[in-house]
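Student: One structure, as C-alpha coordinates, below. Some questions next.
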Amino acid sequence: FCGEHAGSAEEENTRKRILCPLDPKHTVYEDQLAKHLKKCNSREKPKPCSAPLVKREIRLRPEA
(Lines give C-alpha, C1' and ligand atoms only; values in the text may rest on other atoms or scores of the structure.)
Protein backbone atom coordinates (compact mmCIF):
# COMPACT_ATOMS: atom_id res chain seq x y z
CA PHE A 1 0.00 0.00 0.00
CA CYS A 2 1.05 3.60 -0.35
CA GLY A 3 2.08 5.64 2.71
CA GLU A 4 -1.45 7.01 3.02
CA HIS A 5 -2.98 3.55 3.39
CA ALA A 6 -0.14 1.77 5.15
CA GLY A 7 -0.97 1.25 8.80
CA SER A 8 0.89 -0.41 11.61
CA ALA A 9 1.83 -4.05 11.05
CA GLU A 10 -0.50 -5.12 13.87
CA GLU A 11 -3.43 -3.26 12.31
CA GLU A 12 -2.77 -4.82 8.91
CA ASN A 13 -2.90 -8.32 10.43
CA THR A 14 -6.32 -7.81 12.05
CA ARG A 15 -8.18 -5.83 9.36
CA LYS A 16 -9.02 -7.13 5.91
CA ARG A 17 -8.86 -4.96 2.78
CA ILE A 18 -11.25 -5.70 -0.07
CA LEU A 19 -11.73 -4.30 -3.57
CA CYS A 20 -14.12 -1.40 -3.82
CA PRO A 21 -17.31 -2.70 -5.51
CA LEU A 22 -17.73 0.60 -7.36
CA ASP A 23 -14.16 0.78 -8.65
CA PRO A 24 -11.91 -2.27 -8.26
CA LYS A 25 -8.86 -0.12 -8.97
CA HIS A 26 -8.64 0.66 -5.25
CA THR A 27 -9.21 -1.14 -1.96
CA VAL A 28 -10.91 -0.32 1.32
CA TYR A 29 -11.02 -1.90 4.76
CA GLU A 30 -13.94 -4.32 4.94
CA ASP A 31 -15.19 -2.80 8.21
CA GLN A 32 -15.31 0.67 6.61
CA LEU A 33 -17.04 -0.32 3.37
CA ALA A 34 -20.40 1.32 4.16
CA LYS A 35 -18.72 4.64 4.98
CA HIS A 36 -16.50 4.41 1.90
CA LEU A 37 -19.42 3.79 -0.47
CA LYS A 38 -21.02 7.08 0.62
CA LYS A 39 -17.96 9.13 -0.34
CA CYS A 40 -16.31 7.08 -3.09
CA ASN A 41 -15.58 9.22 -6.14
CA SER A 42 -16.70 6.36 -8.37
CA ARG A 43 -20.30 6.36 -7.11
CA GLU A 44 -23.08 7.44 -9.45
CA LYS A 45 -23.44 11.20 -9.47
CA PRO A 46 -26.89 12.76 -8.97
CA LYS A 47 -28.41 13.98 -12.20
CA PRO A 48 -29.01 17.72 -12.47
CA CYS A 49 -32.58 18.93 -12.33
CA SER A 50 -33.95 19.45 -15.83
CA ALA A 51 -36.63 21.93 -14.76
CA PRO A 52 -35.72 25.61 -15.09
CA LEU A 53 -34.96 27.26 -11.77
CA VAL A 54 -36.35 30.64 -12.80
CA LYS A 55 -39.50 31.33 -14.79
CA ARG A 56 -40.32 34.66 -16.33
CA GLU A 57 -43.44 36.56 -15.29
CA ILE A 58 -44.02 34.59 -12.08
CA ARG A 59 -44.42 36.71 -8.96
CA LEU A 60 -44.57 35.68 -5.36
CA ARG A 61 -47.20 38.30 -4.48
CA PRO A 62 -49.75 40.04 -6.64
CA GLU A 63 -48.96 43.66 -7.35
CA ALA A 64 -51.01 46.15 -5.32
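Scheme for the C-alpha coordinates: letters A, B, ... for chains in order shown; per-chain residue numbers from 1; ligand numbers from 1 in order shown.
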Within 7 Å of range 17-32 of chain A, counting only C-alpha atoms, which residues qualify if same-chain residues fewer than 4 places away don't, as a ChimeraX atom specification?

Tutor: /A:36,42-43

Student: Write out, as a tab-separated table (two decimals), in the first residue's frame, the residues just selected, with N, CA and C atoms.

Tutor:
chain	number	residue	atom	x	y	z
A	36	HIS	N	-17.21	4.14	3.14
A	36	HIS	CA	-16.50	4.41	1.90
A	36	HIS	C	-17.47	4.58	0.73
A	42	SER	N	-16.19	7.16	-7.27
A	42	SER	CA	-16.70	6.36	-8.37
A	42	SER	C	-18.20	6.09	-8.27
A	43	ARG	N	-18.86	6.60	-7.23
A	43	ARG	CA	-20.30	6.36	-7.11
A	43	ARG	C	-21.05	7.16	-8.18
